[in-house]
Each structure stands twice: as structure tokens, then as C-alpha cells.
file structure.txt (compact mmCIF, C-alpha atoms)
# COMPACT_ATOMS: atom_id res chain seq x y z
CA MET A 282 63.52 97.86 178.12
CA SER A 283 62.25 96.82 174.69
CA SER A 284 64.22 97.45 171.50
CA GLN A 285 62.81 99.73 168.83
CA SER A 286 62.31 98.21 165.35
CA SER A 287 62.03 100.05 162.04
CA ILE A 288 58.95 102.26 161.82
CA THR A 289 56.31 101.76 159.08
CA PHE A 290 52.65 102.64 158.61
CA ASP A 291 51.72 99.33 160.21
CA SER A 292 53.91 99.86 163.29
CA THR A 293 52.24 99.66 166.72
CA LEU A 294 53.24 100.62 170.25
CA ALA A 295 54.90 97.20 170.58
CA SER A 296 57.58 98.33 168.07
CA VAL A 297 58.41 101.54 170.04
CA LEU A 298 61.03 101.64 172.77
CA SER A 299 59.34 101.11 176.18
CA HIS A 300 60.48 100.28 179.77
CA ASP A 301 59.53 97.56 182.18
CA PHE A 302 59.85 99.29 185.58
CA ARG A 303 57.26 98.00 188.01
CA VAL A 304 57.19 98.04 191.79
CA SER A 305 54.72 96.87 194.41
CA SER A 306 52.67 99.29 196.44
CA THR A 307 54.80 98.52 199.54
CA THR A 308 58.09 99.44 197.91
CA LEU A 309 59.82 102.38 199.71
CA GLY A 310 60.16 105.63 197.88
CA LYS A 311 63.96 105.66 198.23
CA VAL A 312 64.15 102.43 196.16
CA VAL A 313 62.30 104.14 193.35
CA ALA A 314 64.57 107.21 193.73
CA GLN A 315 67.66 105.01 193.48
CA ASN A 316 66.37 103.45 190.19
CA PHE A 317 65.63 106.88 188.80
CA ALA A 318 69.13 108.03 189.75
CA GLN A 319 70.74 104.99 188.13
CA ASN A 320 68.61 105.23 184.95
CA PRO A 321 67.66 108.83 184.18
CA ASN A 322 65.91 107.69 180.94
CA LEU A 323 63.16 105.93 182.87
CA PRO A 324 59.98 107.90 182.17
CA GLY A 325 58.27 106.71 185.37
CA VAL A 326 57.31 103.78 187.53
CA ILE A 327 54.29 101.45 187.45
CA VAL A 328 52.80 100.58 190.83
CA MET A 329 51.26 97.10 191.12
CA ASP A 330 49.50 95.17 193.86
CA GLU A 331 50.63 91.71 192.88
CA THR A 332 48.88 91.40 189.45
CA HIS A 333 46.56 94.37 189.89
CA PHE A 334 47.50 97.70 188.31
CA LEU A 335 47.25 100.58 190.80
CA GLY A 336 48.71 103.49 188.90
CA MET A 337 51.74 105.21 187.40
CA ILE A 338 54.10 107.95 188.71
CA SER A 339 56.24 109.79 186.18
CA GLN A 340 59.87 110.64 187.03
CA ARG A 341 59.04 114.29 186.48
CA LYS A 342 56.16 114.24 189.04
CA PHE A 343 58.31 112.19 191.41
CA ARG A 344 61.11 114.77 191.41
CA GLU A 345 58.63 117.67 191.73
CA GLN A 346 57.39 116.17 195.02
CA MET A 347 60.97 115.82 196.31
CA ASN A 348 61.72 119.57 196.14
CA THR A 349 62.05 119.91 200.00
CA SER A 350 63.97 117.84 202.53
CA ALA A 351 60.77 117.33 204.56
CA ARG A 352 58.91 115.76 201.67
CA GLU A 353 61.98 113.78 200.66
CA ASP A 354 62.21 112.28 204.16
CA LEU A 355 58.44 111.62 204.10
CA TYR A 356 58.25 109.82 200.79
CA PHE A 357 61.67 108.13 200.92
CA ASN A 358 60.93 106.25 204.09
CA ASN A 359 57.29 105.35 203.28
CA PRO A 360 55.77 103.01 200.72
CA ILE A 361 55.34 104.42 197.23
CA GLN A 362 51.59 103.99 197.69
CA LEU A 363 51.62 107.14 199.82
CA LEU A 364 52.97 109.29 196.99
CA LEU A 365 50.63 107.60 194.43
CA ASP A 366 47.63 108.48 196.59
CA TYR A 367 48.80 112.03 196.91
CA ILE A 368 49.52 112.70 193.23
CA ARG A 369 46.45 110.89 191.85
CA THR A 370 47.49 111.40 188.20
CA PRO A 371 45.09 109.45 185.87
CA PRO A 372 47.33 107.25 183.67
CA LEU A 373 46.76 106.79 179.92
CA LEU A 374 46.53 103.04 179.22
CA LEU A 375 46.82 101.93 175.58
CA ASP A 376 46.91 98.44 174.03
CA HIS A 377 50.26 97.37 172.61
CA ASN A 378 48.55 96.81 169.17
CA SER A 379 47.52 100.46 168.95
CA LYS A 380 48.90 102.36 165.95
CA ILE A 381 51.49 105.06 166.60
CA ALA A 382 49.34 107.79 165.06
CA ASP A 383 46.33 106.78 167.18
CA ALA A 384 48.50 106.76 170.32
CA ILE A 385 49.82 110.27 169.54
CA ASN A 386 46.27 111.55 169.09
CA SER A 387 45.22 110.03 172.40
CA ALA A 388 48.25 111.52 174.22
CA LEU A 389 47.81 115.02 172.75
CA ASN A 390 44.10 115.07 173.54
CA ARG A 391 44.87 115.05 177.28
CA SER A 392 44.97 118.21 179.38
CA LYS A 393 48.06 120.44 179.09
CA ASP A 394 49.62 119.36 182.39
CA LEU A 395 49.28 115.69 181.36
CA ILE A 396 50.43 115.92 177.72
CA TYR A 397 54.01 114.89 178.58
CA GLU A 398 53.02 112.26 181.12
CA PRO A 399 54.22 108.74 180.10
CA ILE A 400 51.84 106.21 178.57
CA VAL A 401 51.18 102.78 180.06
CA VAL A 402 51.24 100.08 177.37
CA VAL A 403 49.09 97.05 178.17
CA TYR A 404 50.31 93.72 176.76
CA GLU A 405 48.27 91.30 178.81
CA ALA A 406 46.07 91.47 181.89
CA ASP A 407 49.10 91.56 184.25
CA ILE A 408 51.87 92.79 181.90
CA PHE A 409 52.42 96.54 181.62
CA ARG A 410 55.20 98.68 180.20
CA ILE A 411 55.83 102.41 180.42
CA LEU A 412 56.42 104.53 177.33
CA ASP A 413 57.92 108.05 177.19
CA VAL A 414 55.84 110.51 175.12
CA GLN A 415 59.02 111.99 173.70
CA VAL A 416 60.00 108.56 172.36
CA LEU A 417 56.51 108.24 170.87
CA LEU A 418 56.90 111.68 169.26
CA LEU A 419 60.25 110.64 167.83
CA ALA A 420 58.63 107.48 166.47
CA GLN A 421 55.93 109.59 164.88
CA ASN A 422 58.64 111.81 163.40
CA LYS A 423 60.29 108.75 161.90
CA LEU A 424 56.91 107.70 160.59
CA LEU A 425 56.47 111.13 159.00
CA ASN A 426 59.97 110.91 157.50
CA TYR A 427 59.11 107.42 156.21
CA ALA A 428 55.88 108.77 154.72
CA GLN A 429 57.74 111.70 153.20
CA ASN A 430 60.27 109.34 151.61
CA ILE A 431 57.45 107.24 150.19
CA ILE A 432 55.73 110.38 148.90
CA GLN A 433 58.95 111.53 147.27
CA GLN A 434 59.43 108.11 145.70
CA GLN A 435 55.84 108.10 144.49
CA GLN A 436 56.24 111.65 143.14
CA SER A 437 59.39 110.53 141.33
CA GLN A 438 57.53 107.50 139.96
CA ILE A 439 54.63 109.74 138.94
CA LEU A 440 57.03 112.05 137.10
CA GLN A 441 58.58 109.06 135.37
CA SER A 442 55.12 107.75 134.57
CA PHE A 443 54.15 111.13 133.13
CA GLU A 444 57.26 111.07 130.97
CA ILE A 445 56.44 107.54 129.81
CA ILE A 446 52.82 108.58 129.19
CA ASN A 447 53.97 111.56 127.14
CA VAL A 448 56.28 109.33 125.11
CA GLU A 449 53.51 106.76 124.58
CA LYS A 450 51.06 109.57 123.81
CA ASN A 451 53.37 110.85 121.09
CA ARG A 452 53.73 107.30 119.77
CA MET A 453 49.97 106.84 119.84
CA GLN A 454 49.50 110.08 117.94
CA LYS A 455 51.99 108.94 115.32
CA CYS A 456 50.34 105.50 115.13
CA SER A 457 46.90 107.05 114.96
CA LYS A 458 48.02 109.30 112.13
CA TYR A 459 49.64 106.33 110.37
CA TYR A 460 46.53 104.15 110.72
CA LYS A 461 44.30 107.00 109.67
CA ASN A 462 46.31 107.41 106.49
CA LYS A 463 46.26 103.66 106.03
CA GLN A 464 42.48 103.55 106.48
CA GLU A 465 42.00 106.33 103.96
CA LEU A 466 44.23 104.47 101.50
CA ILE A 467 42.40 101.18 102.14
CA LYS A 468 39.06 102.92 101.83
CA LYS A 469 40.07 104.49 98.52
CA ASN A 470 41.50 101.23 97.17
CA TYR A 471 38.46 99.32 98.32
CA GLU A 472 36.10 101.77 96.66
CA ASN A 473 37.97 101.30 93.39
CA PHE A 474 38.00 97.54 93.93
CA LEU A 475 34.24 97.49 94.56
CA LYS A 476 33.57 99.54 91.45
CA VAL A 477 35.54 97.06 89.35
CA LYS A 478 33.82 94.09 90.98
CA GLN A 479 30.39 95.67 90.59
CA GLN A 480 31.07 96.21 86.90
CA GLU A 481 32.25 92.60 86.59
CA ILE A 482 29.12 91.39 88.38
CA PHE A 483 26.93 93.49 86.13
CA GLU A 484 28.61 92.16 82.97
CA THR A 485 28.46 88.60 84.29
CA ALA A 486 24.78 89.05 85.13
CA GLN A 487 24.10 90.25 81.59
CA LYS A 488 25.89 87.21 80.18
CA ILE A 489 23.96 84.93 82.53
CA THR A 490 20.71 86.57 81.42
CA GLU A 491 21.59 86.01 77.76
CA ILE A 492 22.55 82.39 78.49
CA ASN A 493 19.30 81.91 80.39
CA GLU A 494 17.29 83.27 77.46
CA ASP A 495 19.11 80.93 75.07
CA PHE A 496 18.58 78.09 77.49
CA LEU A 497 14.87 78.88 77.68
CA GLN A 498 14.54 78.90 73.89
CA ILE A 499 16.54 75.68 73.52
CA SER A 500 14.60 74.04 76.36
CA GLN A 501 11.27 75.00 74.81
CA LEU A 502 12.43 73.67 71.43
CA VAL A 503 13.69 70.49 73.07
CA ILE A 504 10.37 70.02 74.87
CA LYS A 505 8.43 70.60 71.64
CA GLU A 506 10.54 68.21 69.54
CA THR A 507 10.70 65.69 72.37
CA ASN A 508 6.93 65.66 72.68
CA LYS A 509 6.67 65.03 68.92
CA SER A 510 9.25 62.26 69.14
CA PHE A 511 7.49 60.77 72.14
CA ASN A 512 4.18 60.74 70.26
CA GLU A 513 5.75 59.09 67.22
CA ILE A 514 7.60 56.57 69.39
CA VAL A 515 4.38 55.77 71.25
CA ILE A 516 2.52 55.31 67.94
CA HIS A 517 5.23 53.06 66.44
CA THR A 518 5.64 51.19 69.70
CA ASN A 519 1.91 50.55 69.87
CA SER A 520 2.02 49.45 66.24
CA ILE A 521 4.90 47.08 66.99
CA ASN A 522 3.00 45.78 69.98
CA SER A 523 -0.10 45.21 67.79
CA ASN A 524 2.00 43.46 65.11
CA THR A 525 3.64 41.38 67.78
CA SER A 526 0.25 40.29 69.07
CA LEU A 527 -0.81 39.49 65.48
CA ILE A 528 2.38 37.49 64.93
CA GLN A 529 1.72 35.53 68.08
CA GLU A 530 -1.85 34.81 66.95
CA MET A 531 -0.72 33.78 63.43
CA SER A 532 2.05 31.63 64.92
CA THR A 533 -0.50 29.90 67.12
CA SER A 534 -2.76 29.34 64.10
CA ILE A 535 0.11 28.04 61.96
CA SER A 536 1.14 25.72 64.78
CA LYS A 537 -2.37 24.29 64.83
CA ASP A 538 -2.29 23.84 61.01
CA LEU A 539 1.09 22.11 61.26
CA GLU A 540 -0.30 19.79 63.86
CA SER A 541 -3.13 18.98 61.40
CA ILE A 542 -0.53 18.30 58.65
CA HIS A 543 1.33 15.98 61.01
CA VAL A 544 -1.93 14.18 61.76
CA ALA A 545 -2.70 13.90 58.00
CA CYS A 546 0.82 12.65 57.27
CA ASN A 547 0.52 10.06 60.01
CA PHE A 548 -2.87 9.00 58.65
CA SER A 549 -1.45 8.82 55.11
CA SER A 550 1.42 6.66 56.38
CA LYS A 551 -1.06 4.26 57.89
CA ILE A 552 -3.03 4.07 54.57
CA LEU A 553 0.21 3.44 52.66
CA GLN A 554 1.08 0.65 55.01
CA LYS A 555 -2.36 -0.91 54.42
CA ILE A 556 -2.03 -0.54 50.63
CA ARG A 557 1.46 -2.07 50.80
CA HIS A 558 0.03 -4.89 52.85
CA LEU A 559 -2.78 -5.46 50.30
CA ALA A 560 -0.25 -5.38 47.45
CA VAL A 561 1.80 -8.03 49.19
CA LYS A 562 -1.28 -10.16 49.75
CA GLY A 563 -2.28 -9.72 46.07
CA SER A 564 1.17 -10.83 44.98
CA ILE A 565 0.91 -13.91 47.20
CA VAL A 566 -2.54 -14.76 45.85
CA ALA A 567 -1.35 -14.29 42.26
CA TYR A 568 1.67 -16.48 42.86
CA GLN A 569 -0.47 -19.23 44.37
CA SER A 570 -3.00 -19.11 41.51
CA PRO A 571 -2.46 -21.82 38.80
CA SER A 572 -2.93 -19.29 36.07
CA THR A 573 -1.33 -15.95 36.75
CA PRO A 574 -2.96 -13.05 34.86
CA GLN A 575 -0.63 -11.38 32.51
CA GLY A 576 0.56 -7.94 33.63
CA LEU A 577 -0.17 -8.51 37.32
CA ASN A 578 3.45 -8.56 38.24
CA GLN A 579 3.96 -5.35 36.36
CA ILE A 580 1.03 -3.78 38.25
CA ASN A 581 2.53 -4.85 41.59
CA ILE A 582 5.84 -3.39 40.63
CA GLU A 583 4.25 -0.07 39.66
CA ILE A 584 2.12 -0.07 42.84
CA ASN A 585 5.25 -0.59 44.97
CA GLN A 586 7.05 2.18 43.10
CA MET A 587 4.11 4.55 43.64
CA LEU A 588 4.01 3.60 47.30
CA ASP A 589 7.72 4.35 47.65
CA GLN A 590 7.25 7.71 45.95
CA ILE A 591 4.25 8.58 48.13
CA SER A 592 6.24 7.52 51.21
CA ASN A 593 9.16 9.75 50.17
CA ILE A 594 6.77 12.65 49.58
CA ASN A 595 5.16 12.02 52.97
CA GLN A 596 8.62 12.06 54.67
CA GLN A 597 9.52 15.30 52.89
CA ILE A 598 6.22 16.84 54.00
CA ASN A 599 6.95 15.79 57.62
CA LYS A 600 10.44 17.21 57.34
CA LEU A 601 9.13 20.50 55.95
CA ALA A 602 6.46 20.61 58.64
CA ASN A 603 9.09 20.05 61.36
CA ASN A 604 11.30 22.80 59.91
CA PHE A 605 8.32 25.10 59.65
CA GLN A 606 7.35 24.24 63.24
CA PHE A 607 10.91 25.16 64.39
CA HIS A 608 10.75 28.54 62.63
CA VAL A 609 7.29 29.18 64.08
CA HIS A 610 8.63 28.57 67.62
CA LYS A 611 11.53 30.88 66.89
CA LEU A 612 9.13 33.52 65.59
CA GLN A 613 7.07 33.16 68.79
CA ASP A 614 10.21 33.67 70.90
CA ILE A 615 11.05 36.82 68.92
CA ALA A 616 7.49 38.10 69.38
CA GLN A 617 7.75 37.47 73.15
CA ASN A 618 11.08 39.35 73.29
CA GLN A 619 9.50 42.21 71.35
CA SER A 620 6.73 42.34 73.94
CA GLY A 621 9.33 42.65 76.76
CA ILE A 622 11.17 45.37 74.84
CA TYR A 623 7.86 47.19 74.41
CA SER A 624 7.29 47.15 78.21
CA LEU A 625 10.83 48.42 78.86
CA VAL A 626 10.53 51.17 76.25
CA SER A 627 7.18 52.20 77.73
CA LEU A 628 8.75 52.50 81.21
CA GLN A 629 11.67 54.56 79.88
CA LEU A 630 9.22 56.78 78.01
CA GLU A 631 7.31 57.41 81.25
CA ARG A 632 10.53 58.41 83.05
CA ALA A 633 11.64 60.64 80.20
CA GLU A 634 8.20 62.25 80.20
CA MET A 635 8.56 62.95 83.93
CA VAL A 636 11.95 64.64 83.31
CA ILE A 637 10.47 66.75 80.53
CA ASN A 638 7.59 67.78 82.79
CA GLU A 639 10.05 68.85 85.52
CA LEU A 640 12.00 70.84 82.94
CA LYS A 641 8.76 72.46 81.84
CA LYS A 642 7.93 73.40 85.45
CA LEU A 643 11.43 74.89 85.86
CA ILE A 644 10.94 76.99 82.75
CA ASP A 645 7.45 78.06 83.85
CA ASN A 646 8.83 79.13 87.28
CA TYR A 647 11.82 80.97 85.84
CA ASN A 648 12.17 84.46 87.34
CA PRO A 649 13.94 86.86 84.93
CA ASN A 650 14.27 89.46 87.74
CA LEU A 651 16.54 87.19 89.83
CA ILE A 652 19.79 88.33 88.23
CA ILE A 653 18.68 91.96 88.41
CA SER A 654 18.03 91.52 92.15
CA ILE A 655 21.54 90.10 92.67
CA VAL A 656 23.11 93.03 90.82
CA GLU A 657 21.08 95.56 92.83
CA GLN A 658 22.15 93.95 96.11
CA ALA A 659 25.76 93.88 94.95
CA LYS A 660 25.56 97.64 94.44
CA ASN A 661 24.60 98.05 98.12
CA ILE A 662 27.68 96.22 99.41
CA SER A 663 30.02 99.17 99.11
CA PRO A 664 28.58 101.61 101.73
CA GLU A 665 28.35 98.97 104.47
CA LEU A 666 31.85 97.66 103.99
CA ILE A 667 33.39 101.11 103.67
CA GLU A 668 31.61 102.32 106.82
CA SER A 669 32.93 99.32 108.78
CA LEU A 670 36.48 100.23 107.84
CA ASP A 671 36.25 103.43 109.94
CA ASN A 672 35.89 101.42 113.19
CA THR A 673 38.27 98.54 112.46
CA PRO A 674 42.08 98.25 112.23
CA GLU A 675 43.93 97.69 108.96
CA LYS A 676 42.78 94.61 107.06
CA LYS A 677 44.26 92.68 104.17
CA LEU A 678 42.17 92.88 101.02
CA ASP A 679 42.30 89.95 98.66
CA SER A 680 40.14 88.42 95.98
CA ALA A 681 39.22 85.41 98.13
CA SER A 682 37.51 87.48 100.87
CA ASN A 683 35.54 89.56 98.37
CA SER A 684 34.52 86.45 96.44
CA GLN A 685 33.26 84.96 99.70
CA VAL A 686 31.12 88.08 100.29
CA LEU A 687 29.63 87.82 96.81
CA ILE A 688 28.99 84.07 97.21
CA GLN A 689 27.15 84.71 100.48
CA LEU A 690 25.12 87.45 98.81
CA ILE A 691 24.10 85.13 95.95
CA GLU A 692 23.24 82.35 98.42
CA ARG A 693 20.98 84.72 100.39
CA THR A 694 19.25 85.80 97.16
CA LEU A 695 18.77 82.19 96.00
CA LYS A 696 17.42 81.25 99.44
CA HIS A 697 14.97 84.14 99.21
CA ARG A 698 13.93 82.88 95.78
CA ASN A 699 13.49 79.29 97.08
CA ASP A 700 11.49 80.45 100.10
CA ALA A 701 9.15 82.52 97.96
CA PRO A 702 5.85 80.81 96.94
CA PRO A 703 5.98 79.37 93.41
CA SER A 704 4.22 81.38 90.73
CA GLU A 705 1.12 79.90 89.21
CA SER A 706 1.82 78.48 85.75

call {"tool": "encode", "arguments": {"input": "structure.txt", "output": "C-alpha cells"}}
result
Amino acid sequence: MSSQSSITFDSTLASVLSHDFRVSSTTLGKVVAQNFAQNPNLPGVIVMDETHFLGMISQRKFREQMNTSAREDLYFNNPIQLLLDYIRTPPLLLDHNSKIADAINSALNRSKDLIYEPIVVVYEADIFRILDVQVLLLAQNKLLNYAQNIIQQQQSQILQSFEIINVEKNRMQKCSKYYKNKQELIKKNYENFLKVKQQEIFETAQKITEINEDFLQISQLVIKETNKSFNEIVIHTNSINSNTSLIQEMSTSISKDLESIHVACNFSSKILQKIRHLAVKGSIVAYQSPSTPQGLNQINIEINQMLDQISNINQQINKLANNFQFHVHKLQDIAQNQSGIYSLVSLQLERAEMVINELKKLIDNYNPNLIISIVEQAKNISPELIESLDNTPEKKLDSASNSQVLIQLIERTLKHRNDAPPSES
């Protein structure tokens, strides 16, 4: 006899109370009767031929056949195979893994006289157990009670869930109403905020336009005056360059003249030396002469004095020529420096002229409608942002976020302006 475990939806025939009452085909009928008498709860007996299943005889069928003493003597003293062959009741064999509900359906689908016949549960090829239909019906009843308890629990949980849903629904309605009011307030505040910002943008755009006009006038004046200054600087620079070249030429000519003076002074020094030599020789001749002419000594003295004076003058001329030569070299160095300054000034003038040309291009490409375009686009911000508030939760509004929107708008406009082809000047 197998014990019965708790019944669930997954329970099989293995969990239902069944009996292990098997006999061989040669067992006498009185042995089976004795077992039935000792255990009235046995639903029947399984007849086996060693490991081969032959059939099943229910206790109810067994007792029906023992209703007379003649039959009782016949079947008691003969093998049970005799009664099995006589009854020939087709047994219902079900696998032990069959569900209880499926087993009940199979049992009730039999003919009326076999509905209450026991069921043979097959565990393995040679292991069989016998199951009372009443026990199976009781198991099904427990299963129904179990299902009913689960249904009641689920109904209770559903009721609780409905209560929770109703509570949450009320909360959601309150929250929805709260957020709706909040959105309306945010929308109203944001509309006012956008109006103020649009007015500020418009005023700022007007100021920028005025500043741009002033800048254009100043830039044009600067370009005009700068061009004049550049022309004058170029003229004076060219003049300085011409004078510098003239100074260099004059310095070269003066240097040549000074060299000639040096040559003349050197030649004069040589003549003086010869005259001095002749004067000395004349003095020697006069001294050796027996009769010295009167006044000769005085003439020699005067000649020597004149020679000394001419020598002093010659030295002064050399000194002046050297000083003049030094100043000429210095003047040449200054002229060379002026030439380098002229080259540097010319390079700076070229760069400044490039800057002025770029400024002129910027002024020529100036678009006075740019600020107006920014203002017009700023006016179109409000509907988009207000419409997005209807589908979004509450948001914090601050000056930083709105400034970021305006900055992005201006960047898009400037990018559009940069991408556009330049206007022909």
C-alpha cells in the first residue's frame, strides 16, 4: 500500500493511495478470498504469470461470483486463472505519471458497468499497483478543493488589487490635476518670460545695429585717413630713400676727394723734405765758401721758418682730412641704417595695407539684415517651446537654459551667414 501525499495540480497517480496485491495465475481462489476478508479495503487483485500481466479481478466482481456455494467450491479450490478467464473484464491500465484529472476522465469514459472497476497503475514493465476509483474520486475532490482555495485566494488578491488600483487611480488623478495646474502655470510664466526676453533681444538688436552703423562709419573713415597716411608715408619714405642714396653717393665722392687731399699732402711733404734738404745743402755750401754773401744766413733762417709753417699747415690739413674722413664713414653708416629702416617700414606698410584690405572686405560683405533675421527667429521660439511643455513633466526654468537656447539660435544664424556665398563687392 502506498501512502497518499498532498494533492496539487501537478499531482500524478503515483501520489494517490494504491495497493500492491498481486498473485500468480496458479494461486487458489481461497487464498485470494482470505486476503479480501483480512483487508476489505483492497479494491481487487492483479493476476501475473511471473513478470507478465494477465489481468485484474475487482473485489466486487470476485464476491459477485461467490454468491452460491457451488461456485464458491468451484473457484475456491481452483487456480484464480479459472475465474479470470470466466469474468474477462478488460482492465484500465494507466501510467503512474498520469495526471489525476486525466485518469478520472479515462475512468469515467468507460462503460457504466466498468466505471467503478479499479485502475491498474503501471510503474515499470513488471511492476503494477491497483487503485480504487473511489480513492481517485476523493483525490480529485481534494484537487477541486485545492483549486477552489487557490481561486478564493486569487479572488481575495484581485479584490485587494482592485482596492490598491482604485487608491492609486485616485492618487494619479490628483497628481494629474496637480501637474496640469503646474503646466498651465509654467506655460503662463514661460510665455511672460519669452515676451520679456524677446523685447530684450529686440532692444539689444537695435543697439547692435546702431553700433554696427557707427562702426561702419568709423571704419570707412579710418580706411580713408589710413590710405592718405599710407600715401604720405610712402612718399616721404621714398624721399628718405632717395636722399639716403644721394648721401651715400656724396659720401663716396667726398671719400675720393679726401683720398686726393691725402695724396696731395703726402706729395707736399715730400717736396718740403726736398726743399729742406736743399736749404741744408745751401747752408753747407755757404759755410764752406771763403766769402759768405751777406744775408744768406737770414734767407736760410726764413726758409726754415716757412718750411716749418708749411709743415704745420700740412699736418693740420691731414688732421682735418682724417676727421672729415671719420665723419664721412659715420654718415655712410647712418645712411646704411636708414636704408634698413626703409625696408622694415616698407614691410610693415605692406602688412598694414593687407589688414586694411581685409577690413574693407568685411565692410563690403556686411549684411544689415543679419540682426533682423536673428530677431525674427527669436520670435518663433515661443510656440515650439510652449507646445513641448504639454508633453513633458514639470521643468525648472532659469536664465541659464534660456540663454543657451538663444546662443544656439545665434550660432545657427551665424553659420547660415557663413555658409552663404559672399556678395559681390

call {"tool": "residues_near_point", "arguments": {"input": "structure.txt", "point": "(63.0, 96.5, 192.7)", "cutoff": "12 Å", "atoms": "all atoms listed in the file", "output": "list of chain:residue names"}}
result
A:Asp301, A:Phe302, A:Arg303, A:Val304, A:Ser305, A:Ser306, A:Thr307, A:Thr308, A:Leu309, A:Gly310, A:Lys311, A:Val312, A:Val313, A:Ala314, A:Gln315, A:Asn316, A:Phe317, A:Val326, A:Ile327, A:Val328, A:Met329, A:Ile361

call {"tool": "atom_distance", "arguments": {"input": "structure.txt", "atom1": "atom CA of Gly336 of chain A", "atom2": "atom CA of Pro372 of chain A"}}
result
6.6 Å

call {"tool": "closest_residue", "arguments": {"input": "structure.txt", "among": "A:Ile432, A:Gln441, A:Val609, A:Ile368", "to": "Glu345 of chain A", "atoms": "all atoms listed in the file"}}
result
A:Ile368

call {"tool": "atom_distance", "arguments": {"input": "structure.txt", "atom1": "atom CA of Phe357 of chain A", "atom2": "atom CA of Asp407 of chain A"}}
result
26.7 Å

call {"tool": "residues_near_point", "arguments": {"input": "structure.txt", "point": "(4.5, 42.0, 73.6)", "cutoff": "6 Å", "atoms": "all atoms listed in the file", "output": "MDAnalysis selection string"}}
result
chainID A and resid 522 525 617 619:621

call {"tool": "atom_distance", "arguments": {"input": "structure.txt", "atom1": "atom CA of Val401 of chain A", "atom2": "atom CA of His377 of chain A"}}
result
9.3 Å

call {"tool": "closest_residue", "arguments": {"input": "structure.txt", "among": "A:Leu363, A:Leu375, A:Ile598, A:Leu425", "to": "Cys546 of chain A", "atoms": "only C-alpha atoms"}}
result
A:Ile598

call {"tool": "residues_around", "arguments": {"input": "structure.txt", "residues": "segment 506-519 of chain A", "least_positions_apart": "3", "cutoff": "12 Å", "atoms": "all atoms listed in the file", "output": "PyMOL selection string"}}
result
chain A and resi 499-503+522-526+619-638+640-641

call {"tool": "closest_residue", "arguments": {"input": "structure.txt", "among": "A:Asn386, A:Asn493, A:Gln498, A:Gln415", "to": "Ser299 of chain A", "atoms": "all atoms listed in the file"}}
result
A:Gln415

call {"tool": "residues_around", "arguments": {"input": "structure.txt", "residues": "segment 527-542 of chain A", "least_positions_apart": "6", "cutoff": "9 Å", "atoms": "all atoms listed in the file", "output": "number ranges by chain"}}
result
A: 598-599, 602-603, 605-606, 609-610, 612-613, 616-617

call {"tool": "closest_residue", "arguments": {"input": "structure.txt", "among": "A:Asn547, A:Ser387, A:Gln319, A:Thr332", "to": "Val414 of chain A", "atoms": "all atoms listed in the file"}}
result
A:Ser387

call {"tool": "closest_residue", "arguments": {"input": "structure.txt", "among": "A:Ile556, A:Val566, A:Val561, A:Ala420", "to": "Val297 of chain A", "atoms": "all atoms listed in the file"}}
result
A:Ala420

call {"tool": "closest_residue", "arguments": {"input": "structure.txt", "among": "A:Ser549, A:Ala384, A:Gln435, A:Glu449", "to": "Leu418 of chain A", "atoms": "all atoms listed in the file"}}
result
A:Ala384

call {"tool": "residues_around", "arguments": {"input": "structure.txt", "residues": "Leu374 of chain A", "least_positions_apart": "5", "cutoff": "9 Å", "atoms": "all atoms listed in the file", "output": "PyMOL selection string"}}
result
chain A and resi 400-403

call {"tool": "axis_aligned_box", "arguments": {"input": "structure.txt", "around": "segment 293-305 of chain A", "padding_each_side": "3 Å", "output": "AutoDock Vina command-line options"}}
result
--center_x 56.6 --center_y 99.3 --center_z 180.6 --size_x 14.8 --size_y 10.8 --size_z 33.7
